[in-house]
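Next comes start01.cif, with mmCIF, C-alpha atoms.
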```cif
data_entry
#
loop_
_atom_site.label_atom_id
_atom_site.label_comp_id
_atom_site.auth_asym_id
_atom_site.auth_seq_id
_atom_site.Cartn_x
_atom_site.Cartn_y
_atom_site.Cartn_z
CA MET B 198 75.02 115.87 141.08
CA THR B 199 77.42 117.85 143.21
CA PRO B 200 79.69 120.36 141.42
CA ARG B 201 82.61 117.92 141.76
CA GLU B 202 80.61 115.04 140.31
CA LEU B 203 79.30 117.14 137.42
CA LEU B 204 82.71 118.43 136.38
CA LEU B 205 84.26 114.97 136.57
CA ALA B 206 81.40 113.53 134.51
CA GLU B 207 81.71 116.16 131.78
CA ALA B 208 85.51 115.98 131.76
CA ALA B 209 85.28 112.24 131.14
CA LYS B 210 83.38 112.88 127.90
CA ALA B 211 85.71 115.41 126.27
CA ILE B 212 88.47 117.91 126.83
CA LEU B 213 86.81 120.95 128.37
CA ILE B 214 87.68 124.47 127.28
CA LYS B 215 88.47 127.20 129.78
CA ASP B 216 88.17 130.90 128.97
CA GLY B 217 90.99 133.40 128.49
CA PRO B 218 92.13 136.52 130.38
CA TYR B 219 90.01 139.56 131.14
CA GLY B 220 92.72 142.18 131.46
CA THR B 221 93.57 142.35 127.75
CA ALA B 222 89.91 142.46 126.78
CA ILE B 223 89.13 145.21 129.30
CA GLN B 224 92.03 147.29 127.99
CA ALA B 225 90.63 146.89 124.47
CA GLU B 226 87.49 148.69 125.67
CA LYS B 227 89.65 151.83 126.24
CA LEU B 228 87.81 152.86 129.41
CA ASP B 229 88.83 156.18 130.90
CA GLU B 230 89.50 156.67 134.61
CA ALA B 231 85.98 157.92 135.28
CA ALA B 232 84.55 154.75 133.76
CA TYR B 233 86.76 152.63 136.00
CA ARG B 234 85.74 154.60 139.11
CA GLY B 235 82.03 154.82 138.33
CA GLU B 236 79.89 155.88 141.29
CA THR B 237 82.17 154.35 143.93
CA GLY B 238 83.45 157.67 145.26
CA LEU B 239 87.00 156.34 145.45
CA GLU B 240 89.61 159.08 145.73
CA ARG B 241 92.65 157.43 144.15
CA ASP B 242 93.18 156.98 140.43
CA GLN B 243 91.37 153.75 139.45
CA LYS B 244 92.70 153.46 135.90
CA GLY B 245 93.83 149.87 135.48
CA ASN B 246 91.83 148.49 138.39
CA ASN B 247 90.29 145.76 136.25
CA ASP B 248 88.56 144.07 139.18
CA LEU B 249 86.57 147.21 139.96
CA VAL B 250 85.01 147.02 136.48
CA ASN B 251 82.83 144.18 137.83
CA LEU B 252 81.03 146.86 139.84
CA THR B 253 81.26 149.94 137.68
CA GLN B 254 80.90 148.50 134.16
CA PRO B 255 79.31 145.04 134.56
CA GLN B 256 78.14 145.07 130.96
CA VAL B 257 81.78 145.06 129.83
CA ILE B 258 82.52 141.93 131.86
CA ARG B 259 79.35 140.26 130.57
CA LYS B 260 80.33 141.06 126.98
CA ILE B 261 83.76 139.48 127.48
CA CYS B 262 82.31 136.41 129.17
CA ASP B 263 79.78 135.96 126.35
CA SER B 264 82.59 136.15 123.80
CA TYR B 265 84.43 133.30 125.53
CA ILE B 266 81.25 131.22 125.73
CA ALA B 267 80.71 131.80 122.01
CA ALA B 268 84.28 130.64 121.42
CA GLY B 269 83.48 127.31 123.09
CA ALA B 270 84.55 127.85 126.71
CA ARG B 271 82.62 125.89 129.31
CA VAL B 272 84.87 126.62 132.30
CA LEU B 273 84.34 130.32 133.00
CA ALA B 274 86.38 132.11 135.65
CA THR B 275 85.54 135.37 137.38
CA ASN B 276 87.45 138.58 136.72
CA THR B 277 88.80 138.70 140.28
CA PHE B 278 92.55 138.10 140.04
CA ASN B 279 93.31 141.11 142.27
CA ALA B 280 89.97 141.34 144.07
CA ASN B 281 91.42 140.87 147.52
CA ARG B 282 92.07 143.22 150.41
CA ILE B 283 95.85 143.19 149.98
CA SER B 284 95.88 144.01 146.27
CA GLN B 285 92.98 146.47 146.41
CA ALA B 286 94.82 148.46 149.08
CA ASP B 287 96.87 149.92 146.21
CA TYR B 288 93.67 151.60 145.00
CA GLY B 289 92.15 152.40 148.39
CA ALA B 290 89.30 150.03 147.55
CA GLU B 291 89.68 147.43 150.29
CA HIS B 292 86.16 148.06 151.60
CA LEU B 293 84.67 147.06 148.23
CA VAL B 294 86.27 143.61 148.03
CA ALA B 295 83.19 141.60 149.00
CA GLU B 296 80.96 143.61 146.67
CA ILE B 297 83.40 143.26 143.76
CA ASN B 298 83.61 139.49 144.13
CA ARG B 299 79.88 138.98 144.53
CA SER B 300 79.19 141.06 141.44
CA ALA B 301 81.87 139.24 139.43
CA ALA B 302 80.43 135.83 140.25
CA GLN B 303 76.86 136.97 139.58
CA ILE B 304 77.84 138.18 136.10
CA ILE B 305 79.48 134.87 135.14
CA ARG B 306 76.68 132.85 136.77
CA ALA B 307 74.02 134.67 134.73
CA ALA B 308 75.95 134.29 131.48
CA CYS B 309 76.55 130.56 132.03
CA ASP B 310 72.98 129.85 133.10
CA GLU B 311 71.56 131.63 130.06
CA ALA B 312 73.87 129.80 127.66
CA THR B 313 73.11 126.43 129.26
CA ALA B 314 69.38 127.11 129.06
CA LYS B 315 69.80 127.50 125.28
CA ASP B 316 71.95 124.49 124.42
CA GLY B 317 71.81 122.22 127.47
CA LEU B 318 75.59 122.07 127.90
CA PRO B 319 76.69 122.31 131.54
CA ARG B 320 79.04 125.20 132.25
CA PHE B 321 81.18 125.77 135.30
CA VAL B 322 81.41 129.03 137.25
CA VAL B 323 84.85 129.32 138.80
CA GLY B 324 85.84 131.93 141.37
CA ALA B 325 89.37 133.05 140.48
CA VAL B 326 91.75 133.89 143.33
CA GLY B 327 95.12 135.43 142.48
CA PRO B 328 98.36 135.22 144.48
CA THR B 329 98.17 138.78 145.95
CA ASN B 330 101.23 141.03 145.63
CA LYS B 331 102.81 139.74 148.86
CA THR B 332 104.75 136.58 149.55
CA LEU B 333 104.85 134.47 152.70
CA SER B 334 107.96 132.49 151.79
CA LEU B 335 110.38 135.27 150.94
CA SER B 336 111.48 138.56 152.45
CA PRO B 337 111.13 141.72 150.34
CA ASP B 338 114.17 143.08 152.20
CA VAL B 339 117.48 141.52 151.11
CA ASN B 340 119.08 142.84 154.29
CA ASP B 341 116.53 141.11 156.54
CA PRO B 342 115.77 137.57 155.31
CA GLY B 343 113.40 136.93 158.22
CA PHE B 344 111.16 139.91 157.54
CA ARG B 345 107.65 139.37 156.11
CA GLU B 346 105.14 142.05 155.16
CA VAL B 347 102.25 139.70 155.96
CA ASP B 348 101.72 136.57 158.03
CA PHE B 349 99.91 133.32 157.29
CA ASP B 350 96.76 134.13 159.27
CA LEU B 351 96.31 137.49 157.57
CA VAL B 352 96.67 136.00 154.09
CA LYS B 353 94.30 133.17 155.00
CA ASP B 354 91.68 135.65 156.21
CA VAL B 355 92.06 137.71 153.03
CA TYR B 356 91.46 134.64 150.90
CA ARG B 357 88.52 133.54 153.03
CA GLU B 358 86.83 136.92 152.65
CA GLN B 359 87.24 136.78 148.88
CA SER B 360 86.18 133.14 148.53
CA ARG B 361 83.07 133.66 150.66
CA ALA B 362 81.90 136.53 148.44
CA LEU B 363 82.58 134.50 145.29
CA ALA B 364 80.49 131.63 146.66
CA GLU B 365 77.72 134.04 147.62
CA GLY B 366 77.70 135.35 144.06
CA GLY B 367 77.27 131.89 142.57
CA ALA B 368 80.74 130.40 142.07
CA ASP B 369 80.79 126.61 142.49
CA TYR B 370 84.58 126.18 142.39
CA ILE B 371 87.55 128.18 143.65
CA LEU B 372 90.57 128.51 141.37
CA ILE B 373 93.79 129.39 143.20
CA GLU B 374 95.81 130.47 140.20
CA THR B 375 99.23 131.77 139.20
CA VAL B 376 100.74 130.29 142.35
CA PHE B 377 104.25 131.69 142.66
CA ASP B 378 104.49 131.01 146.40
CA THR B 379 103.36 127.61 147.64
CA LEU B 380 102.81 128.95 151.16
CA ASN B 381 100.39 131.59 149.84
CA CYS B 382 98.57 128.73 148.11
CA LYS B 383 98.40 126.77 151.34
CA ALA B 384 96.86 129.78 153.08
CA ALA B 385 94.23 129.94 150.35
CA VAL B 386 93.57 126.21 150.62
CA MET B 387 93.05 126.49 154.37
CA ALA B 388 90.75 129.48 153.85
CA VAL B 389 88.53 127.50 151.47
CA LYS B 390 88.49 124.44 153.73
CA GLU B 391 87.38 126.61 156.65
CA LEU B 392 84.74 128.22 154.45
CA GLU B 393 83.44 124.81 153.42
CA ARG B 394 82.81 123.95 157.06
CA GLU B 395 81.05 127.27 157.54
CA LEU B 396 78.83 126.78 154.48
CA GLY B 397 78.24 123.07 155.01
CA ARG B 398 79.15 122.21 151.41
CA GLU B 399 82.19 121.58 149.25
CA LEU B 400 83.81 124.25 147.08
CA PRO B 401 86.05 122.10 144.88
CA LEU B 402 89.52 123.53 144.48
CA MET B 403 91.39 124.14 141.26
CA LEU B 404 95.10 124.82 141.75
CA SER B 405 97.37 126.30 139.11
CA MET B 406 101.09 126.89 139.55
CA THR B 407 103.17 129.41 137.61
CA LEU B 408 106.84 128.86 136.81
CA THR B 409 109.41 131.61 137.18
CA ASP B 410 112.14 129.98 135.10
CA LEU B 411 112.57 127.23 132.54
CA SER B 412 114.01 124.84 135.12
CA GLY B 413 110.42 124.37 136.29
CA ARG B 414 110.27 126.07 139.70
CA ASN B 415 107.97 128.67 141.17
CA LEU B 416 109.28 131.71 143.03
CA SER B 417 109.33 129.91 146.38
CA GLY B 418 111.56 127.24 144.81
CA HIS B 419 109.27 124.24 144.37
CA THR B 420 109.54 122.05 141.31
CA VAL B 421 106.31 120.99 139.64
CA GLU B 422 106.38 117.57 141.32
CA ALA B 423 107.26 119.04 144.73
CA PHE B 424 104.39 121.48 144.42
CA TRP B 425 102.00 118.62 143.68
CA HIS B 426 103.22 116.72 146.73
CA SER B 427 102.68 119.86 148.82
CA VAL B 428 99.05 120.41 147.82
CA ARG B 429 97.70 116.95 146.97
CA HIS B 430 96.18 116.61 150.45
CA ALA B 431 93.66 119.33 149.52
CA ARG B 432 92.02 116.95 147.01
CA PRO B 433 91.89 119.51 144.20
CA ILE B 434 89.59 118.66 141.34
CA THR B 435 92.17 120.10 138.92
CA ILE B 436 95.88 120.77 139.10
CA GLY B 437 97.88 122.53 136.45
CA LEU B 438 99.99 125.35 135.12
CA ASN B 439 99.23 128.82 133.82
CA CYS B 440 100.87 132.09 132.87
CA SER B 441 104.66 132.71 132.85
CA PHE B 442 105.40 131.01 129.52
CA GLY B 443 103.82 129.88 126.30
CA ALA B 444 102.85 126.34 125.41
CA SER B 445 106.26 125.52 123.91
CA GLN B 446 108.08 126.23 127.17
CA LEU B 447 105.46 124.50 129.34
CA ARG B 448 105.42 121.27 127.31
CA PRO B 449 107.82 119.18 129.47
CA HIS B 450 106.21 120.35 132.70
CA VAL B 451 102.69 119.52 131.52
CA ARG B 452 103.95 116.07 130.50
CA LEU B 453 105.51 115.51 133.93
CA LEU B 454 102.46 116.66 135.87
CA SER B 455 100.14 114.62 133.67
CA GLY B 456 101.89 111.43 134.70
CA ILE B 457 101.79 111.99 138.47
CA ALA B 458 98.57 113.88 139.26
CA ASP B 459 95.60 111.71 140.18
CA CYS B 460 93.07 114.44 139.41
CA LEU B 461 92.10 116.43 136.33
CA LEU B 462 94.84 118.47 134.67
CA MET B 463 94.08 122.03 133.52
CA ALA B 464 96.63 124.06 131.58
CA TYR B 465 96.24 127.57 130.23
CA PRO B 466 99.51 128.99 128.91
CA ASN B 467 100.27 132.48 127.68
CA ALA B 468 100.06 133.18 123.96
CA GLY B 469 103.80 132.70 123.58
CA LEU B 470 106.29 135.15 125.07
CA PRO B 471 105.82 138.93 125.05
CA ASN B 472 107.71 141.10 122.57
CA GLU B 473 109.85 144.13 123.40
CA LEU B 474 106.71 146.19 124.03
CA GLY B 475 105.19 143.61 126.35
CA GLU B 476 102.62 142.53 123.77
CA TYR B 477 101.83 139.03 122.58
CA ASP B 478 102.22 138.22 118.89
CA GLU B 479 101.43 134.49 118.84
CA LEU B 480 98.54 133.83 116.48
CA PRO B 481 95.53 131.77 117.57
CA GLU B 482 96.38 129.01 115.12
CA THR B 483 99.91 128.72 116.55
CA THR B 484 98.69 128.45 120.13
CA ALA B 485 96.06 125.91 119.08
CA THR B 486 98.60 123.77 117.25
CA LEU B 487 100.91 123.70 120.26
CA VAL B 488 98.26 122.69 122.81
CA HIS B 489 96.82 120.18 120.32
CA GLU B 490 100.02 118.19 120.86
CA TRP B 491 99.21 117.94 124.59
CA ALA B 492 95.68 116.81 123.86
CA GLU B 493 96.77 114.29 121.24
CA ALA B 494 99.24 112.83 123.75
CA GLY B 495 96.46 112.41 126.32
CA GLN B 496 98.00 114.86 128.77
CA VAL B 497 95.18 117.34 129.51
CA ASN B 498 91.57 117.49 130.66
CA VAL B 499 90.94 121.25 130.52
CA LEU B 500 92.59 123.74 128.15
CA GLY B 501 92.42 127.51 128.06
CA GLY B 502 94.54 130.61 127.72
CA CYS B 503 96.29 133.11 129.96
CA CYS B 504 98.04 136.40 129.08
CA GLY B 505 97.79 137.42 125.45
CA ASN B 506 95.00 135.02 124.58
CA THR B 507 91.80 136.35 123.04
CA PRO B 508 88.42 134.79 122.22
CA ALA B 509 89.94 133.96 118.84
CA HIS B 510 92.67 131.93 120.57
CA ILE B 511 90.09 130.10 122.70
CA ALA B 512 87.97 129.33 119.61
CA ALA B 513 91.04 127.99 117.80
CA ILE B 514 91.95 125.80 120.78
CA ALA B 515 88.40 124.45 121.01
CA LYS B 516 88.43 123.58 117.31
CA ALA B 517 91.88 121.98 117.49
CA VAL B 518 90.99 119.54 120.29
CA ALA B 519 87.39 118.81 119.33
CA GLY B 520 86.78 115.08 119.25
CA LEU B 521 90.03 114.15 120.99
CA PRO B 522 89.66 111.98 124.09
CA ALA B 523 90.33 113.49 127.49
CA ARG B 524 93.31 112.46 129.57
CA ALA B 525 92.81 109.33 131.65
CA ILE B 526 93.53 110.04 135.32
CA PRO B 527 96.41 107.80 136.40
CA VAL B 528 96.07 105.49 139.39
CA GLN B 529 98.95 106.06 141.76
CA VAL B 530 100.45 103.36 143.96
CA PRO B 531 100.00 104.45 147.60
CA MET B 532 103.29 105.84 148.92
CA THR B 533 104.43 108.56 151.26
CA ARG B 534 105.12 111.53 148.99
CA LEU B 535 106.80 114.52 150.63
CA ALA B 536 108.54 117.65 149.44
CA GLY B 537 111.11 120.20 150.38
CA LEU B 538 112.03 122.18 147.32
CA GLU B 539 112.44 118.80 145.61
CA PRO B 540 110.04 115.85 145.76
CA PHE B 541 110.75 112.97 148.10
CA VAL B 542 109.04 109.59 147.82
CA MET B 543 109.37 107.15 150.69
CA ALA B 544 109.39 103.65 149.27
CA ALA B 545 107.01 101.11 150.80
#
```

Could I get this file's structure written as structure tokens?
Amino acid sequence: MTPRELLLAEAAKAILIKDGPYGTAIQAEKLDEAAYRGETGLERDQKGNNDLVNLTQPQVIRKICDSYIAAGARVLATNTFNANRISQADYGAEHLVAEINRSAAQIIRAACDEATAKDGLPRFVVGAVGPTNKTLSLSPDVNDPGFREVDFDLVKDVYREQSRALAEGGADYILIETVFDTLNCKAAVMAVKELERELGRELPLMLSMTLTDLSGRNLSGHTVEAFWHSVRHARPITIGLNCSFGASQLRPHVRLLSGIADCLLMAYPNAGLPNELGEYDELPETTATLVHEWAEAGQVNVLGGCCGNTPAHIAAIAKAVAGLPARAIPVQVPMTRLAGLEPFVMAA
């Protein structure tokens, strides 16, 4: 089976469980700056550079991955949210991007292969690609609306470099996650499509949008339906939502997307909303109860957690949806579906 065929086959049997975030778990390890930097020789302060930990403390990443596997996760993403040339420039670590991504994928690949060898359950190694800290759609200068810090070709090349290294390390899928700018996402999609031609094989895409307000738009202004219309041509194997809000706030948007997307739906919300100190107080049982409603309504195929979630949250989610049937992918009537900031459907 190809990676696409295998994921579709397993997702037809049950709701699959995705892992949770790495940042919180890495912080819990209380690494000092020297542990972050390791033997890299980097001159800037590396404290907080969670992606670099793939190189300098791989055993920490493996421990976290194993904890999510033990919790029931079968969709395991790499710890590479900021492992791109643009984001790593803040740490002076741009030259290590390929090495970071290869190492990250190798760690998850080894953990998944070992677990599958024990119980026979297929697991899915997903290369995670974050949005970078730049935006193609908006100007950072309010006095110059036409100004951009980066252009489309640069962002595409950055994503292609990262995706190639993830594939070399053993990732079978590329997850373009926390999409706040649809144009950044399109650059990533083009990068992966070019890479597929170079490699001579498919790297199925997973796309996940993040909302910036409760009206259901991302930062570049697209509604959930307009975003879907903008990226459907890429034939993603999953589409969904992550980050920004907890399950309560995402409920109507998951319901909407579930009814229009003719691919798998993956949702991994935050563990509620952060408190005054920026910490997440939502208990695993609360998160599990909320996403259980989505599963019971037949709205999801893959469930996991974003900011604030822990292995305990993932275990509670897995337990809450065990035995529930996966969402049936709807068959859409062929129509011309376009989008500005709002969706536009041209009637036949």

Range 266-288 of chain B residues near range 357-381 of chain B within 9 Å, closest pair each, using only C-alpha atoms, as CSV:
```
residue,atom,partner,partner_atom,distance
B:Ala274,CA,B:Leu372,CA,8.0
B:Thr275,CA,B:Ala368,CA,8.4
B:Thr277,CA,B:Gln359,CA,8.9
B:Phe278,CA,B:Glu374,CA,8.3
B:Ala280,CA,B:Gln359,CA,7.2
B:Asn281,CA,B:Gln359,CA,6.0
B:Arg282,CA,B:Gln359,CA,8.2
```

Might you spell out which residues the PyMOL selection byres ((chain B and resi 491) around 10) would select in the displayed file, as a PyMOL selection string? chain B and resi 444+448-449+451-452+455+464+486-490+492-498+500+518+524

For this file, the PyMOL selection byres ((chain B and resi 439) around 7) selects which residues, as a PDB file with C-alpha atoms, keeping the file's coordinate frame?
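Final output, saved to expr.pdb:
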```pdb
ATOM      1  CA  THR B 375      99.230 131.770 139.200  1.00  0.00           C
ATOM      2  CA  SER B 405      97.370 126.300 139.110  1.00  0.00           C
ATOM      3  CA  MET B 406     101.090 126.890 139.550  1.00  0.00           C
ATOM      4  CA  THR B 407     103.170 129.410 137.610  1.00  0.00           C
ATOM      5  CA  GLY B 437      97.880 122.530 136.450  1.00  0.00           C
ATOM      6  CA  LEU B 438      99.990 125.350 135.120  1.00  0.00           C
ATOM      7  CA  CYS B 440     100.870 132.090 132.870  1.00  0.00           C
ATOM      8  CA  SER B 441     104.660 132.710 132.850  1.00  0.00           C
ATOM      9  CA  ALA B 464      96.630 124.060 131.580  1.00  0.00           C
ATOM     10  CA  TYR B 465      96.240 127.570 130.230  1.00  0.00           C
ATOM     11  CA  PRO B 466      99.510 128.990 128.910  1.00  0.00           C
ATOM     12  CA  CYS B 503      96.290 133.110 129.960  1.00  0.00           C
TER      13      CYS B 503
END
```

Two-atom distance - CA of Met543 in chain B, CA of Pro531 in chain B (Å): 10.2 Å

Near range 207-216 of chain B, 12 Å: range 289-365 of chain B residue rows, closest pairs, all atoms listed in the file, as a tab-separated table:
```
residue	atom	partner	partner_atom	distance
B:Ile305	CA	B:Asp216	CA	11.4
B:Leu318	CA	B:Glu207	CA	9.4
B:Pro319	CA	B:Glu207	CA	7.9
B:Arg320	CA	B:Glu207	CA	9.4
B:Phe321	CA	B:Lys215	CA	9.3
B:Val322	CA	B:Lys215	CA	10.4
B:Val323	CA	B:Lys215	CA	9.9
B:Ala325	CA	B:Asp216	CA	11.8
```

May I have the selected residues written with C-alpha atoms, as a compact mmCIF listing (two decimals), in the frame of the given file?
```txt
# COMPACT_ATOMS: atom_id res chain seq x y z
CA ILE B 305 79.48 134.87 135.14
CA LEU B 318 75.59 122.07 127.90
CA PRO B 319 76.69 122.31 131.54
CA ARG B 320 79.04 125.20 132.25
CA PHE B 321 81.18 125.77 135.30
CA VAL B 322 81.41 129.03 137.25
CA VAL B 323 84.85 129.32 138.80
CA ALA B 325 89.37 133.05 140.48
```

Given all atoms listed in the file as the counted atoms, nearest of B:Pro401, B:Pro508, B:Pro328, B:Pro471 to Ile436 in chain B: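 Answer, going by the shortest atom-to-atom distance: B:Pro401.
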
Report as a short mmCIF file (atom, residue, chain, number, x, y, z; two decimals) with C-alpha atoms, keeping the file's coordinate frame all protein, DNA and RNA residues lying within 9 Å of Ala536 in chain B, evaluated on only C-alpha atoms, omitting residues in the same chain fewer than 3 positions from it.
```cif
data_model
loop_
_atom_site.label_atom_id
_atom_site.label_comp_id
_atom_site.auth_asym_id
_atom_site.auth_seq_id
_atom_site.Cartn_x
_atom_site.Cartn_y
_atom_site.Cartn_z
CA HIS B 419 109.27 124.24 144.37
CA GLU B 422 106.38 117.57 141.32
CA ALA B 423 107.26 119.04 144.73
CA PHE B 424 104.39 121.48 144.42
CA TRP B 425 102.00 118.62 143.68
CA HIS B 426 103.22 116.72 146.73
CA SER B 427 102.68 119.86 148.82
CA GLU B 539 112.44 118.80 145.61
CA PRO B 540 110.04 115.85 145.76
CA PHE B 541 110.75 112.97 148.10
CA VAL B 542 109.04 109.59 147.82
#
```

With a distance cut-off of 10 Å and only C-alpha atoms, select the neighbouring residues of Ile304 in chain B, excluding the residue or stretch itself and same-chain residues fewer than 5 positions from it, and output the selection as number ranges by chain. B: 251-252, 255-256, 258-260, 262, 275-276, 298-299, 309, 322, 366-367

Those same residues, written as a PDB file, keeping the file's coordinate frame with C-alpha atoms?
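What ended up in part01.pdb:
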```pdb
ATOM      1  CA  ASN B 251      82.830 144.180 137.830  1.00  0.00           C
ATOM      2  CA  LEU B 252      81.030 146.860 139.840  1.00  0.00           C
ATOM      3  CA  PRO B 255      79.310 145.040 134.560  1.00  0.00           C
ATOM      4  CA  GLN B 256      78.140 145.070 130.960  1.00  0.00           C
ATOM      5  CA  ILE B 258      82.520 141.930 131.860  1.00  0.00           C
ATOM      6  CA  ARG B 259      79.350 140.260 130.570  1.00  0.00           C
ATOM      7  CA  LYS B 260      80.330 141.060 126.980  1.00  0.00           C
ATOM      8  CA  CYS B 262      82.310 136.410 129.170  1.00  0.00           C
ATOM      9  CA  THR B 275      85.540 135.370 137.380  1.00  0.00           C
ATOM     10  CA  ASN B 276      87.450 138.580 136.720  1.00  0.00           C
ATOM     11  CA  ASN B 298      83.610 139.490 144.130  1.00  0.00           C
ATOM     12  CA  ARG B 299      79.880 138.980 144.530  1.00  0.00           C
ATOM     13  CA  CYS B 309      76.550 130.560 132.030  1.00  0.00           C
ATOM     14  CA  VAL B 322      81.410 129.030 137.250  1.00  0.00           C
ATOM     15  CA  GLY B 366      77.700 135.350 144.060  1.00  0.00           C
ATOM     16  CA  GLY B 367      77.270 131.890 142.570  1.00  0.00           C
TER      17      GLY B 367
END
```

Counting only C-alpha atoms, the option among B:Asp338, B:Asp348, B:Glu473, B:Glu236 closest to Thr253 in chain B: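 Closest to Thr253 in chain B of all the choices is B:Glu236.
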
Report the residues retrieved by the PyMOL selection byres ((chain B and resi 330) around 8) from the displayed file, expressed as a PyMOL selection string. chain B and resi 283-284+328-329+331-332

Residue subset to file, keeping C-alpha atoms, as a compact mmCIF listing (two decimals), keeping the file's coordinate frame:
```txt
# COMPACT_ATOMS: atom_id res chain seq x y z
CA ILE B 283 95.85 143.19 149.98
CA SER B 284 95.88 144.01 146.27
CA PRO B 328 98.36 135.22 144.48
CA THR B 329 98.17 138.78 145.95
CA LYS B 331 102.81 139.74 148.86
CA THR B 332 104.75 136.58 149.55
```

Just checking: using all atoms listed in the file, which residue out of B:Cys382, B:Asp248, B:Ser264, B:Ala509 ends up closest to Ser417 in chain B?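 Ranked by minimum distance to Ser417 in chain B, first place goes to B:Cys382.
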
Let me have the centre and edge lengths in Å, one decimal, of the box along x, y and z around every listed atom of range 329-339 of chain B with 3 Å of margin on each side, as lines of an AutoDock Vina configuration file.
```
center_x = 107.8
center_y = 137.8
center_z = 149.2
size_x = 25.3
size_y = 16.6
size_z = 13.1
```

Within 12 Å of Val530 in chain B, counting all atoms listed in the file, which residues show up once you throw out same-chain ones fewer than 5 positions away? Write them as JSON, numbers by chain, please. {"B": [457, 458, 459, 542, 543, 544, 545]}

May I have the residues at most 7 Å from (89.8, 134.7, 129.6) in the file's coordinates, counting all atoms listed in the file, as a PDB file with C-alpha atoms, in the frame of the given file?
```pdb
ATOM      1  CA  ASP B 216      88.170 130.900 128.970  1.00  0.00           C
ATOM      2  CA  GLY B 217      90.990 133.400 128.490  1.00  0.00           C
ATOM      3  CA  PRO B 218      92.130 136.520 130.380  1.00  0.00           C
ATOM      4  CA  TYR B 219      90.010 139.560 131.140  1.00  0.00           C
ATOM      5  CA  TYR B 265      84.430 133.300 125.530  1.00  0.00           C
ATOM      6  CA  GLY B 502      94.540 130.610 127.720  1.00  0.00           C
ATOM      7  CA  CYS B 503      96.290 133.110 129.960  1.00  0.00           C
TER       8      CYS B 503
END
```

CA of His510 in chain B and CA of Ala222 in chain B are how many Å apart? 12.5 Å

Find the residues with any atom within 12 Å of (80.7, 150.5, 151.7); use only C-alpha atoms and the coordinates as given in the file, and write the answer as number ranges by chain. B: 236-239, 290-297

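Atom to atom, CA of Ala515 in chain B and CA of Leu470 in chain B stand 21.2 Å apart.
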
May I ask which of the residues B:Ala225, B:Ala301, B:Leu535, B:Ala513 is the closest one to Val428 in chain B, counting all atoms listed in the file?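 When distances to Val428 in chain B are compared using all atoms listed in the file, the smallest one comes from B:Leu535.
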
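Restricting the calculation to all atoms listed in the file, the smallest distance between Leu454 in chain B and any of B:Gly418, B:Pro522, B:Gly469, B:Pro527 is found for B:Pro527.
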